[in-house]
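Just query_32.cif here, mmCIF, C-alpha atoms:
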data_entry
#
loop_
_atom_site.label_atom_id
_atom_site.label_comp_id
_atom_site.auth_asym_id
_atom_site.auth_seq_id
_atom_site.Cartn_x
_atom_site.Cartn_y
_atom_site.Cartn_z
CA MET F 12 0.00 0.00 0.00
CA PRO F 13 -0.26 2.14 -1.96
CA HIS F 14 -0.29 0.55 -5.40
CA LEU F 15 0.08 2.93 -8.33
CA THR F 16 -0.58 1.87 -11.92
CA LEU F 17 0.40 4.15 -14.79
CA GLU F 18 -0.87 3.43 -18.29
CA TYR F 19 0.28 5.32 -21.37
CA THR F 20 -0.55 5.09 -25.03
CA ASP F 21 2.27 4.10 -27.36
CA ASN F 22 2.18 7.26 -29.47
CA LEU F 23 4.30 9.27 -27.03
CA PRO F 24 7.75 8.38 -28.37
CA ALA F 25 9.79 10.25 -25.77
CA PHE F 26 7.84 9.03 -22.77
CA ASP F 27 10.19 7.55 -20.19
CA PRO F 28 8.29 5.27 -17.80
CA ALA F 29 11.18 5.12 -15.32
CA ALA F 30 11.27 8.90 -15.00
CA ALA F 31 7.49 9.11 -14.68
CA LEU F 32 7.38 6.41 -12.00
CA LEU F 33 10.09 8.14 -10.00
CA ALA F 34 8.19 11.43 -10.25
CA ILE F 35 4.89 10.00 -9.04
CA ASN F 36 6.58 7.97 -6.31
CA ARG F 37 8.26 11.16 -5.08
CA ALA F 38 4.84 12.80 -4.96
CA ALA F 39 3.57 9.85 -2.93
CA VAL F 40 6.53 10.09 -0.54
CA ASP F 41 6.08 13.84 -0.21
CA SER F 42 2.47 13.34 0.85
CA GLY F 43 3.90 12.11 4.13
CA ILE F 44 1.22 9.47 4.62
CA PHE F 45 3.04 6.39 3.29
CA GLY F 46 6.15 4.48 4.21
CA GLU F 47 8.72 4.99 1.46
CA SER F 48 9.17 1.30 0.74
CA ASP F 49 5.42 0.66 0.72
CA ILE F 50 4.89 2.61 -2.49
CA LYS F 51 4.66 0.08 -5.30
CA SER F 52 4.25 1.41 -8.83
CA ARG F 53 4.22 -0.02 -12.30
CA ALA F 54 3.85 1.38 -15.81
CA LEU F 55 2.03 -0.35 -18.65
CA ARG F 56 2.67 0.66 -22.25
CA LEU F 57 -0.56 0.31 -24.20
CA ASP F 58 -0.11 -0.96 -27.75
CA ALA F 59 -3.83 -1.43 -28.41
CA TRP F 60 -6.05 1.44 -27.39
CA ARG F 61 -8.63 3.86 -28.74
CA VAL F 62 -10.01 7.24 -27.66
CA GLY F 63 -13.61 7.66 -28.80
CA ILE F 64 -14.50 6.66 -32.34
CA GLU F 65 -13.16 9.54 -34.43
CA PRO F 66 -9.78 9.35 -36.19
CA ALA F 67 -8.40 12.42 -34.37
CA PRO F 68 -4.78 12.34 -33.09
CA ARG F 69 -5.18 11.56 -29.41
CA ALA F 70 -3.24 10.05 -26.53
CA PHE F 71 -3.78 9.47 -22.84
CA VAL F 72 -1.86 8.80 -19.67
CA HIS F 73 -3.76 7.45 -16.70
CA VAL F 74 -2.72 6.74 -13.12
CA ARG F 75 -4.67 4.65 -10.67
CA ILE F 76 -3.78 5.12 -7.02
CA ALA F 77 -5.03 2.28 -4.83
CA LEU F 78 -4.73 2.91 -1.12
CA LEU F 79 -6.15 1.28 1.95
CA GLY F 80 -9.64 2.47 2.78
CA GLY F 81 -10.35 5.03 5.45
CA ARG F 82 -8.38 7.99 4.14
CA PRO F 83 -10.36 11.26 4.29
CA PRO F 84 -11.71 12.47 0.92
CA GLY F 85 -9.55 15.57 1.12
CA VAL F 86 -6.41 13.49 1.42
CA LYS F 87 -7.29 11.47 -1.66
CA LYS F 88 -8.07 14.58 -3.68
CA THR F 89 -4.80 16.21 -2.66
CA MET F 90 -2.93 13.03 -3.48
CA ALA F 91 -4.49 12.74 -6.95
CA GLU F 92 -3.71 16.36 -7.74
CA ALA F 93 -0.12 16.00 -6.55
CA VAL F 94 0.39 12.94 -8.73
CA LEU F 95 -1.15 14.71 -11.71
CA ALA F 96 1.14 17.70 -11.16
CA ALA F 97 4.18 15.43 -10.91
CA LEU F 98 3.21 13.38 -13.94
CA THR F 99 2.40 15.95 -16.60
CA PRO F 100 5.89 17.52 -16.91
CA THR F 101 7.35 14.07 -17.63
CA VAL F 102 5.20 13.53 -20.71
CA ASP F 103 6.35 14.69 -24.14
CA ARG F 104 3.89 16.55 -26.32
CA PRO F 105 4.15 15.73 -29.99
CA ALA F 106 2.74 18.49 -32.18
CA GLY F 107 -0.95 18.24 -32.98
CA LEU F 108 -1.72 15.56 -30.41
CA GLU F 109 -4.44 15.97 -27.79
CA ILE F 110 -3.30 14.28 -24.59
CA GLN F 111 -5.61 13.50 -21.69
CA PHE F 112 -4.01 13.07 -18.27
CA THR F 113 -6.22 11.46 -15.64
CA VAL F 114 -5.72 10.24 -12.09
CA GLU F 115 -8.14 8.16 -10.06
CA THR F 116 -7.99 6.96 -6.49
CA VAL F 117 -9.57 3.78 -5.23
CA ASP F 118 -9.93 2.38 -1.73
CA LEU F 119 -8.55 -1.07 -1.08
CA ASP F 120 -10.56 -3.21 1.31
CA ARG F 121 -8.59 -2.88 4.52
CA ASP F 122 -10.05 -5.88 6.36
CA SER F 123 -9.07 -8.45 3.77
CA TYR F 124 -5.75 -6.97 2.62
CA ALA F 125 -3.02 -9.57 3.16
CA LYS F 126 0.70 -8.94 3.11
CA ALA F 127 3.97 -10.70 3.77
CA THR F 128 7.48 -9.39 3.30
CA HIS F 129 10.55 -11.48 2.59
CA HIS F 130 13.77 -9.82 3.72
CA GLY F 131 16.42 -11.29 1.47
CA MET I 28 -14.09 9.02 -17.97
CA PRO I 29 -15.05 6.41 -18.87
CA HIS I 30 -12.05 4.08 -18.92
CA LEU I 31 -12.59 0.71 -20.58
CA THR I 32 -10.15 -2.15 -20.26
CA LEU I 33 -10.49 -5.22 -22.44
CA GLU I 34 -8.49 -8.36 -21.65
CA TYR I 35 -8.38 -11.41 -23.89
CA THR I 36 -6.61 -14.72 -23.69
CA ASP I 37 -4.03 -15.42 -26.37
CA ASN I 38 -5.73 -18.54 -27.76
CA LEU I 39 -8.14 -16.57 -29.96
CA PRO I 40 -5.97 -16.31 -33.07
CA ALA I 41 -8.34 -14.19 -35.13
CA PHE I 42 -9.17 -11.73 -32.38
CA ASP I 43 -8.62 -8.16 -33.59
CA PRO I 44 -8.24 -5.80 -30.64
CA ALA I 45 -8.65 -2.70 -32.81
CA ALA I 46 -12.00 -3.92 -34.13
CA ALA I 47 -13.16 -4.91 -30.66
CA LEU I 48 -12.18 -1.54 -29.15
CA LEU I 49 -14.00 0.32 -31.90
CA ALA I 50 -17.10 -1.80 -31.31
CA ILE I 51 -17.20 -1.21 -27.57
CA ASN I 52 -16.41 2.48 -27.94
CA ARG I 53 -19.30 2.79 -30.37
CA ALA I 54 -21.52 1.17 -27.76
CA ALA I 55 -20.29 3.70 -25.23
CA VAL I 56 -20.96 6.59 -27.62
CA ASP I 57 -24.41 5.22 -28.42
CA SER I 58 -25.30 5.21 -24.73
CA GLY I 59 -25.47 8.98 -25.05
CA ILE I 60 -24.08 9.62 -21.60
CA PHE I 61 -20.43 10.27 -22.44
CA GLY I 62 -18.54 12.79 -24.50
CA GLU I 63 -17.08 11.04 -27.54
CA SER I 64 -13.49 12.02 -26.81
CA ASP I 65 -13.77 11.10 -23.14
CA ILE I 66 -14.02 7.38 -23.90
CA LYS I 67 -10.57 5.91 -23.30
CA SER I 68 -10.14 2.21 -24.01
CA ARG I 69 -7.27 -0.22 -24.07
CA ALA I 70 -6.88 -3.92 -24.86
CA LEU I 71 -4.47 -6.25 -23.08
CA ARG I 72 -3.45 -9.55 -24.65
CA LEU I 73 -2.95 -12.11 -21.90
CA ASP I 74 -0.06 -14.50 -22.53
CA ALA I 75 -0.19 -16.07 -19.04
CA TRP I 76 -3.61 -17.02 -17.79
CA ARG I 77 -5.62 -19.96 -16.48
CA VAL I 78 -9.30 -20.79 -16.18
CA GLY I 79 -9.91 -23.08 -13.19
CA ILE I 80 -7.58 -26.02 -12.66
CA GLU I 81 -8.73 -28.55 -15.24
CA PRO I 82 -6.98 -28.94 -18.61
CA ALA I 83 -10.14 -28.16 -20.62
CA PRO I 84 -9.87 -25.88 -23.70
CA ARG I 85 -11.06 -22.52 -22.42
CA ALA I 86 -10.71 -18.84 -23.16
CA PHE I 87 -12.10 -15.60 -21.82
CA VAL I 88 -12.60 -12.00 -22.81
CA HIS I 89 -13.30 -9.51 -20.07
CA VAL I 90 -14.17 -5.81 -20.15
CA ARG I 91 -14.01 -3.48 -17.20
CA ILE I 92 -15.95 -0.24 -17.53
CA ALA I 93 -14.86 2.39 -15.03
CA LEU I 94 -17.09 5.42 -14.86
CA LEU I 95 -17.49 8.28 -12.45
CA GLY I 96 -19.68 7.42 -9.48
CA GLY I 97 -23.29 8.46 -9.22
CA ARG I 98 -24.73 6.77 -12.30
CA PRO I 99 -28.01 4.97 -11.57
CA PRO I 100 -27.74 1.17 -11.33
CA GLY I 101 -29.98 0.77 -14.34
CA VAL I 102 -27.66 2.86 -16.47
CA LYS I 103 -24.68 0.74 -15.52
CA LYS I 104 -26.53 -2.48 -16.21
CA THR I 105 -27.69 -1.24 -19.61
CA MET I 106 -24.16 -0.08 -20.40
CA ALA I 107 -22.62 -3.44 -19.48
CA GLU I 108 -25.14 -5.33 -21.57
CA ALA I 109 -24.60 -3.03 -24.55
CA VAL I 110 -20.85 -3.52 -24.37
CA LEU I 111 -21.28 -7.28 -24.07
CA ALA I 112 -23.57 -7.28 -27.10
CA ALA I 113 -21.08 -5.20 -29.09
CA LEU I 114 -18.11 -7.30 -28.04
CA THR I 115 -19.19 -10.86 -28.64
CA PRO I 116 -19.61 -10.68 -32.45
CA THR I 117 -16.01 -9.46 -32.75
CA VAL I 118 -14.58 -12.58 -31.12
CA ASP I 119 -13.66 -15.63 -33.19
CA ARG I 120 -14.76 -19.01 -31.93
CA PRO I 121 -12.25 -21.77 -32.55
CA ALA I 122 -13.87 -25.20 -32.57
CA GLY I 123 -14.08 -26.94 -29.22
CA LEU I 124 -13.21 -23.90 -27.16
CA GLU I 125 -15.42 -22.65 -24.32
CA ILE I 126 -15.25 -18.86 -24.22
CA GLN I 127 -16.49 -16.79 -21.31
CA PHE I 128 -17.40 -13.18 -22.03
CA THR I 129 -17.77 -10.96 -18.98
CA VAL I 130 -18.30 -7.25 -18.40
CA GLU I 131 -18.05 -5.45 -15.09
CA THR I 132 -18.70 -1.84 -14.19
CA VAL I 133 -16.96 0.02 -11.42
CA ASP I 134 -17.52 3.47 -9.98
CA LEU I 135 -14.59 5.86 -9.96
CA ASP I 136 -14.37 8.14 -6.95
CA ARG I 137 -15.72 11.39 -8.32
CA ASP I 138 -14.37 13.72 -5.63
CA SER I 139 -10.73 12.81 -6.11
CA TYR I 140 -10.69 12.27 -9.89
CA ALA I 141 -8.14 14.63 -11.43
CA LYS I 142 -7.81 15.49 -15.09
CA ALA I 143 -5.89 17.80 -17.38
CA THR I 144 -6.00 17.97 -21.15
CA HIS I 145 -3.19 19.16 -23.40
CA HIS I 146 -4.41 20.48 -26.74
CA GLY I 147 -1.48 19.98 -29.06
CA MET Q 3 -16.34 -14.51 -11.30
CA PRO Q 4 -13.89 -14.49 -9.67
CA HIS Q 5 -11.23 -12.66 -11.66
CA LEU Q 6 -7.70 -12.93 -10.30
CA THR Q 7 -4.87 -10.72 -11.52
CA LEU Q 8 -1.29 -11.48 -10.54
CA GLU Q 9 1.43 -8.92 -11.16
CA TYR Q 10 5.13 -9.60 -10.62
CA THR Q 11 8.25 -7.54 -11.07
CA ASP Q 12 10.72 -8.76 -13.68
CA ASN Q 13 13.64 -9.24 -11.29
CA LEU Q 14 12.47 -12.67 -10.14
CA PRO Q 15 14.20 -14.77 -12.78
CA ALA Q 16 12.86 -18.15 -11.68
CA PHE Q 17 9.26 -17.03 -11.27
CA ASP Q 18 6.94 -19.31 -13.21
CA PRO Q 19 3.61 -17.61 -13.85
CA ALA Q 20 1.92 -20.84 -14.92
CA ALA Q 21 2.83 -22.54 -11.65
CA ALA Q 22 1.76 -19.53 -9.62
CA LEU Q 23 -1.59 -19.27 -11.41
CA LEU Q 24 -2.28 -22.94 -10.87
CA ALA Q 25 -1.46 -22.56 -7.16
CA ILE Q 26 -3.75 -19.60 -6.62
CA ASN Q 27 -6.53 -21.16 -8.68
CA ARG Q 28 -6.30 -24.28 -6.52
CA ALA Q 29 -6.65 -22.06 -3.47
CA ALA Q 30 -9.74 -20.51 -5.03
CA VAL Q 31 -11.20 -23.94 -5.83
CA ASP Q 32 -10.43 -25.16 -2.32
CA SER Q 33 -12.38 -22.26 -0.84
CA GLY Q 34 -15.48 -24.11 -2.02
CA ILE Q 35 -17.36 -20.94 -2.92
CA PHE Q 36 -16.69 -20.82 -6.66
CA GLY Q 37 -17.44 -22.99 -9.63
CA GLU Q 38 -14.16 -24.44 -10.91
CA SER Q 39 -14.55 -23.10 -14.43
CA ASP Q 40 -15.57 -19.66 -13.21
CA ILE Q 41 -12.11 -18.89 -11.85
CA LYS Q 42 -10.37 -16.71 -14.42
CA SER Q 43 -6.79 -15.69 -13.68
CA ARG Q 44 -4.03 -13.89 -15.52
CA ALA Q 45 -0.44 -12.95 -14.74
CA LEU Q 46 1.23 -9.74 -15.85
CA ARG Q 47 5.02 -9.46 -15.93
CA LEU Q 48 5.99 -5.90 -15.05
CA ASP Q 49 8.96 -4.58 -16.98
CA ALA Q 50 8.61 -0.99 -15.74
CA TRP Q 51 8.06 -0.59 -12.02
CA ARG Q 52 9.49 1.08 -8.94
CA VAL Q 53 9.23 0.53 -5.20
CA GLY Q 54 9.61 3.80 -3.33
CA ILE Q 55 12.36 6.18 -4.38
CA GLU Q 56 15.49 4.60 -2.92
CA PRO Q 57 17.81 2.41 -5.00
CA ALA Q 58 17.40 -0.61 -2.69
CA PRO Q 59 17.01 -4.10 -4.24
CA ARG Q 60 13.28 -4.71 -4.08
CA ALA Q 61 10.58 -6.73 -5.78
CA PHE Q 62 6.88 -7.31 -5.39
CA VAL Q 63 4.17 -9.75 -6.31
CA HIS Q 64 0.58 -8.62 -6.04
CA VAL Q 65 -2.71 -10.43 -6.52
CA ARG Q 66 -6.06 -8.77 -6.96
CA ILE Q 67 -9.09 -10.97 -6.33
CA ALA Q 68 -12.28 -9.52 -7.80
CA LEU Q 69 -15.43 -11.30 -6.74
CA LEU Q 70 -19.09 -10.49 -6.92
CA GLY Q 71 -20.25 -8.28 -4.08
CA GLY Q 72 -22.08 -9.60 -1.07
CA ARG Q 73 -19.50 -12.03 0.29
CA PRO Q 74 -19.06 -11.70 4.07
CA PRO Q 75 -15.88 -9.88 5.17
CA GLY Q 76 -14.60 -13.03 6.85
CA VAL Q 77 -14.85 -14.98 3.60
CA LYS Q 78 -12.82 -12.37 1.75
CA LYS Q 79 -10.17 -12.25 4.45
CA THR Q 80 -9.87 -16.04 4.48
CA MET Q 81 -9.69 -16.06 0.69
CA ALA Q 82 -6.93 -13.45 0.58
CA GLU Q 83 -4.89 -15.28 3.19
CA ALA Q 84 -5.29 -18.60 1.38
CA VAL Q 85 -4.14 -17.06 -1.90
CA LEU Q 86 -1.18 -15.43 -0.16
CA ALA Q 87 -0.23 -18.76 1.43
CA ALA Q 88 -0.50 -20.54 -1.93
CA LEU Q 89 1.45 -17.86 -3.77
CA THR Q 90 4.51 -17.29 -1.64
CA PRO Q 91 6.06 -20.77 -2.00
CA THR Q 92 5.98 -20.40 -5.80
CA VAL Q 93 8.19 -17.29 -5.77
CA ASP Q 94 11.97 -17.58 -5.94
CA ARG Q 95 14.00 -15.47 -3.54
CA PRO Q 96 17.21 -14.12 -5.02
CA ALA Q 97 19.80 -13.27 -2.35
CA GLY Q 98 19.62 -9.74 -0.98
CA LEU Q 99 16.23 -8.91 -2.45
CA GLU Q 100 13.33 -7.65 -0.34
CA ILE Q 101 10.10 -9.04 -1.76
CA GLN Q 102 6.65 -7.75 -0.83
CA PHE Q 103 3.72 -10.11 -1.35
CA THR Q 104 0.30 -8.49 -1.23
CA VAL Q 105 -3.24 -9.65 -1.90
CA GLU Q 106 -6.31 -7.45 -2.17
CA THR Q 107 -9.94 -8.32 -2.65
CA VAL Q 108 -12.46 -6.13 -4.41
CA ASP Q 109 -16.20 -6.46 -4.81
CA LEU Q 110 -17.58 -6.47 -8.34
CA ASP Q 111 -20.90 -4.71 -8.80
CA ARG Q 112 -23.31 -7.60 -8.90
CA ASP Q 113 -26.28 -5.81 -10.45
CA SER Q 114 -24.47 -4.72 -13.59
CA TYR Q 115 -22.21 -7.75 -14.11
CA ALA Q 116 -22.91 -9.20 -17.54
CA LYS Q 117 -21.83 -12.61 -18.79
CA ALA Q 118 -22.26 -14.89 -21.76
CA THR Q 119 -20.64 -18.24 -22.39
CA HIS Q 120 -19.94 -19.77 -25.77
CA HIS Q 121 -19.75 -23.56 -25.69
CA GLY Q 122 -17.54 -24.46 -28.61
#

Show this structure as C-alpha cells.
Amino acid sequence: MPHLTLEYTDNLPAFDPAAALLAINRAAVDSGIFGESDIKSRALRLDAWRVGIEPAPRAFVHVRIALLGGRPPGVKKTMAEAVLAALTPTVDRPAGLEIQFTVETVDLDRDSYAKATHHG
Amino acid sequence: MPHLTLEYTDNLPAFDPAAALLAINRAAVDSGIFGESDIKSRALRLDAWRVGIEPAPRAFVHVRIALLGGRPPGVKKTMAEAVLAALTPTVDRPAGLEIQFTVETVDLDRDSYAKATHHG
Amino acid sequence: MPHLTLEYTDNLPAFDPAAALLAINRAAVDSGIFGESDIKSRALRLDAWRVGIEPAPRAFVHVRIALLGGRPPGVKKTMAEAVLAALTPTVDRPAGLEIQFTVETVDLDRDSYAKATHHG
C-alpha cells in the first residue's frame, strides 16, 4: 500500500516510464502518509487502445492510485492532484496531439488486505 | 471518464483488438451519456492465464468499464449489456473452445478524480 | 467470477507464472465458494516498475481478487490469506532482495455484471 498503476498510449515516443514512476513515487513520498518502501508502482505501455470513435490524433496517460480504505476524501483529492502535477511535466507533447491526463484513487478493502514481506 | 479495459486470452488467433475496441467504444458513444473524446479504451493480450484447474480448452474476454460514481444502477446495467452485445460478435470461436465473455462496471471516486488535457 | 490478476516484477528470474496461477486457482477452488470453471486468472510481468524512491534491491508480487459483491468480510479475508499462502512458496528469492507479497480483494458490482458463455 499504496499501489500505483500508470498506463500510457504508445504514441508518445519520448515518454520515459522510469522517469514518470520516479516522479509520481516522489509525490507519494512527499504526501507524508506512506512508508517509502510501501509505495509500489508499475507502468504499462498500451499498444492497443482507442479514444472515442473519431480518427483524431489523441493520446492518454492514466494513473490509478489504490490505497487502503479510510483515508479522508480531502487526502485522496490532494494526493491525486499532486500525482497529476508530478506526472504531466514528464510527458512529451508531440505536435498536434491531444493528450488527456487522468488520475483516479480507489480504496482497497482494509479488512481483507493480506501482506507478507521477505527480507532477502 | 469512462475508462474501458479489455483483456483477452491469447488462444483466440483471429481476435482483432482494434476492431473490438472500436465496437465497444461505439456502444459507449451510443449510450449517449459520455462525451465522444472522453471514452478511453485499451486492450491487453494475456499470454499467461488460467481458467480453473482442469486442462479443458477454455478462453475468456473480459471488459471493465470504469465510470465516475453516481450513475443509476440501471444505467450501468444497460451499459454493461450493450458492451457485451457489441463485443461478442467481434470474437472468433475456434472449434471446441469454451469462451467466457464478462463485463463489469466500477464506480470511480468522483471527488478525487483529477484530469488535465493538453491540446497539441 | 472471480477474476484474479497477478502482477510480478521482472527481477524474479525463476518465477513461473503458470505454476503460480495454478497454485492460486487451486486455493480458489479449495475455498469451495466458486465454480471451478468460473475462476479466471491472468499474470502480468511488469517490466517498468518502482518501489519507493530509494535504489534498494526490491521486488513485489501482487494479486487482486475480484469477486461479486455480497461475500461476508470473513470470507474475503480467508480467501486473501489462502491465496497469499498458496502464492509465496511459488516465488523464488534471489539473495539480498526484499520481496513484498500483497493480496487485495475487491467487490464487483453484482447488479451490472454481464456474462455470456460460448460452448464451442

Give me, as CSV, each residue of chain F that comes within 10 Å of chain Q, together with its shortest interatomic pair and the distance in Å at one decimal, counting all atoms listed in the file, with rows ordered by chain and rising residue number.
residue,atom,partner,partner_atom,distance
F:Met12,CA,Q:Thr104,CA,8.6
F:His14,CA,Q:His64,CA,9.2
F:Leu15,CA,Q:Trp51,CA,9.5
F:Thr16,CA,Q:Trp51,CA,9.0
F:Leu17,CA,Q:Trp51,CA,9.4
F:Asp27,CA,Q:Ala50,CA,9.8
F:Pro28,CA,Q:Ala50,CA,6.6
F:Ala29,CA,Q:Ala50,CA,6.6
F:Leu32,CA,Q:Arg52,CA,6.5
F:Leu33,CA,Q:Ile55,CA,6.4
F:Ala34,CA,Q:Ile55,CA,8.9
F:Ile35,CA,Q:Ile55,CA,9.6
F:Asn36,CA,Q:Gly54,CA,6.0
F:Arg37,CA,Q:Ile55,CA,6.5
F:Ala39,CA,Q:Gly54,CA,8.6
F:Val40,CA,Q:Gly54,CA,7.5
F:Phe45,CA,Q:Gly54,CA,9.7
F:Gly46,CA,Q:Gly54,CA,8.3
F:Glu47,CA,Q:Gly54,CA,5.0
F:Ser48,CA,Q:Gly54,CA,4.8
F:Asp49,CA,Q:Gly54,CA,6.6
F:Ile50,CA,Q:Gly54,CA,4.9
F:Lys51,CA,Q:Val53,CA,4.6
F:Ser52,CA,Q:Arg52,CA,5.3
F:Arg53,CA,Q:Trp51,CA,3.9
F:Ala54,CA,Q:Ala50,CA,5.3
F:Leu55,CA,Q:Ala50,CA,7.2
F:Arg56,CA,Q:Ala50,CA,9.0
F:Leu79,CA,Q:Glu106,CA,9.7
F:Asp118,CA,Q:Val108,CA,9.3
F:Leu119,CA,Q:Glu106,CA,6.8
F:Asp120,CA,Q:Thr107,CA,6.5
F:Arg121,CA,Q:Glu106,CA,8.4
F:Asp122,CA,Q:Lys79,CA,6.7
F:Ser123,CA,Q:Lys79,CA,4.0
F:Tyr124,CA,Q:Glu106,CA,4.8
F:Ala125,CA,Q:Val105,CA,5.1
F:Lys126,CA,Q:Thr104,CA,4.4
F:Ala127,CA,Q:Phe103,CA,5.2
F:Thr128,CA,Q:Gln102,CA,4.5
F:His129,CA,Q:Ile101,CA,5.0
F:His130,CA,Q:Glu100,CA,4.6
F:Gly131,CA,Q:Gly98,CA,4.3

Review point. Do you have the atom CA of Q:Asp94-atom CA of I:Pro82 distance handy?
Key: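 Atom-to-atom, atom CA of Q:Asp94 and atom CA of I:Pro82 are spaced 25.5 Å apart.
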
### Query
What is the atom CA of Q:Val93 to atom CA of Q:Phe17 distance in Å?
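Atom-to-atom, atom CA of Q:Val93 and atom CA of Q:Phe17 are spaced 5.6 Å apart.
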
As a check of understanding: the span from atom CA of I:Asp57 to atom CA of I:Pro99 is 17.2 Å

Mind rebuilding stretch 14-27 of chain Q with N, CA, C and O atoms and writing that out as a PDB file, keeping the file's coordinate frame?
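Written file, out.pdb:
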ATOM      1  N   LEU Q  14      12.616 -11.364 -10.791  1.00  0.00           N
ATOM      2  CA  LEU Q  14      12.470 -12.670 -10.140  1.00  0.00           C
ATOM      3  C   LEU Q  14      12.674 -13.722 -11.229  1.00  0.00           C
ATOM      4  O   LEU Q  14      11.709 -14.239 -11.798  1.00  0.00           O
ATOM      5  N   PRO Q  15      13.923 -14.023 -11.544  1.00  0.00           N
ATOM      6  CA  PRO Q  15      14.200 -14.770 -12.780  1.00  0.00           C
ATOM      7  C   PRO Q  15      13.600 -16.172 -12.823  1.00  0.00           C
ATOM      8  O   PRO Q  15      13.338 -16.689 -13.914  1.00  0.00           O
ATOM      9  N   ALA Q  16      13.385 -16.787 -11.663  1.00  0.00           N
ATOM     10  CA  ALA Q  16      12.860 -18.150 -11.680  1.00  0.00           C
ATOM     11  C   ALA Q  16      11.348 -18.197 -11.512  1.00  0.00           C
ATOM     12  O   ALA Q  16      10.759 -19.273 -11.433  1.00  0.00           O
ATOM     13  N   PHE Q  17      10.710 -17.038 -11.474  1.00  0.00           N
ATOM     14  CA  PHE Q  17       9.260 -17.030 -11.270  1.00  0.00           C
ATOM     15  C   PHE Q  17       8.564 -17.661 -12.468  1.00  0.00           C
ATOM     16  O   PHE Q  17       8.807 -17.309 -13.615  1.00  0.00           O
ATOM     17  N   ASP Q  18       7.672 -18.582 -12.171  1.00  0.00           N
ATOM     18  CA  ASP Q  18       6.940 -19.310 -13.210  1.00  0.00           C
ATOM     19  C   ASP Q  18       5.458 -18.928 -13.114  1.00  0.00           C
ATOM     20  O   ASP Q  18       4.751 -19.411 -12.236  1.00  0.00           O
ATOM     21  N   PRO Q  19       4.990 -18.063 -13.984  1.00  0.00           N
ATOM     22  CA  PRO Q  19       3.610 -17.610 -13.850  1.00  0.00           C
ATOM     23  C   PRO Q  19       2.591 -18.737 -13.952  1.00  0.00           C
ATOM     24  O   PRO Q  19       1.559 -18.706 -13.266  1.00  0.00           O
ATOM     25  N   ALA Q  20       2.870 -19.738 -14.783  1.00  0.00           N
ATOM     26  CA  ALA Q  20       1.920 -20.840 -14.920  1.00  0.00           C
ATOM     27  C   ALA Q  20       1.770 -21.597 -13.598  1.00  0.00           C
ATOM     28  O   ALA Q  20       0.657 -21.940 -13.179  1.00  0.00           O
ATOM     29  N   ALA Q  21       2.883 -21.840 -12.932  1.00  0.00           N
ATOM     30  CA  ALA Q  21       2.830 -22.540 -11.650  1.00  0.00           C
ATOM     31  C   ALA Q  21       2.119 -21.693 -10.599  1.00  0.00           C
ATOM     32  O   ALA Q  21       1.326 -22.209  -9.790  1.00  0.00           O
ATOM     33  N   ALA Q  22       2.391 -20.408 -10.609  1.00  0.00           N
ATOM     34  CA  ALA Q  22       1.760 -19.530  -9.620  1.00  0.00           C
ATOM     35  C   ALA Q  22       0.251 -19.443  -9.850  1.00  0.00           C
ATOM     36  O   ALA Q  22      -0.536 -19.485  -8.895  1.00  0.00           O
ATOM     37  N   LEU Q  23      -0.152 -19.348 -11.119  1.00  0.00           N
ATOM     38  CA  LEU Q  23      -1.590 -19.270 -11.410  1.00  0.00           C
ATOM     39  C   LEU Q  23      -2.301 -20.556 -11.006  1.00  0.00           C
ATOM     40  O   LEU Q  23      -3.411 -20.523 -10.459  1.00  0.00           O
ATOM     41  N   LEU Q  24      -1.666 -21.679 -11.268  1.00  0.00           N
ATOM     42  CA  LEU Q  24      -2.280 -22.940 -10.870  1.00  0.00           C
ATOM     43  C   LEU Q  24      -2.432 -22.988  -9.343  1.00  0.00           C
ATOM     44  O   LEU Q  24      -3.472 -23.405  -8.819  1.00  0.00           O
ATOM     45  N   ALA Q  25      -1.412 -22.533  -8.635  1.00  0.00           N
ATOM     46  CA  ALA Q  25      -1.460 -22.560  -7.160  1.00  0.00           C
ATOM     47  C   ALA Q  25      -2.579 -21.675  -6.619  1.00  0.00           C
ATOM     48  O   ALA Q  25      -3.329 -22.082  -5.718  1.00  0.00           O
ATOM     49  N   ILE Q  26      -2.706 -20.479  -7.164  1.00  0.00           N
ATOM     50  CA  ILE Q  26      -3.750 -19.600  -6.620  1.00  0.00           C
ATOM     51  C   ILE Q  26      -5.140 -20.044  -7.075  1.00  0.00           C
ATOM     52  O   ILE Q  26      -6.110 -19.899  -6.331  1.00  0.00           O
ATOM     53  N   ASN Q  27      -5.223 -20.624  -8.264  1.00  0.00           N
ATOM     54  CA  ASN Q  27      -6.530 -21.160  -8.680  1.00  0.00           C
ATOM     55  C   ASN Q  27      -6.941 -22.339  -7.806  1.00  0.00           C
ATOM     56  O   ASN Q  27      -8.128 -22.489  -7.464  1.00  0.00           O
TER      57      ASN Q  27
END
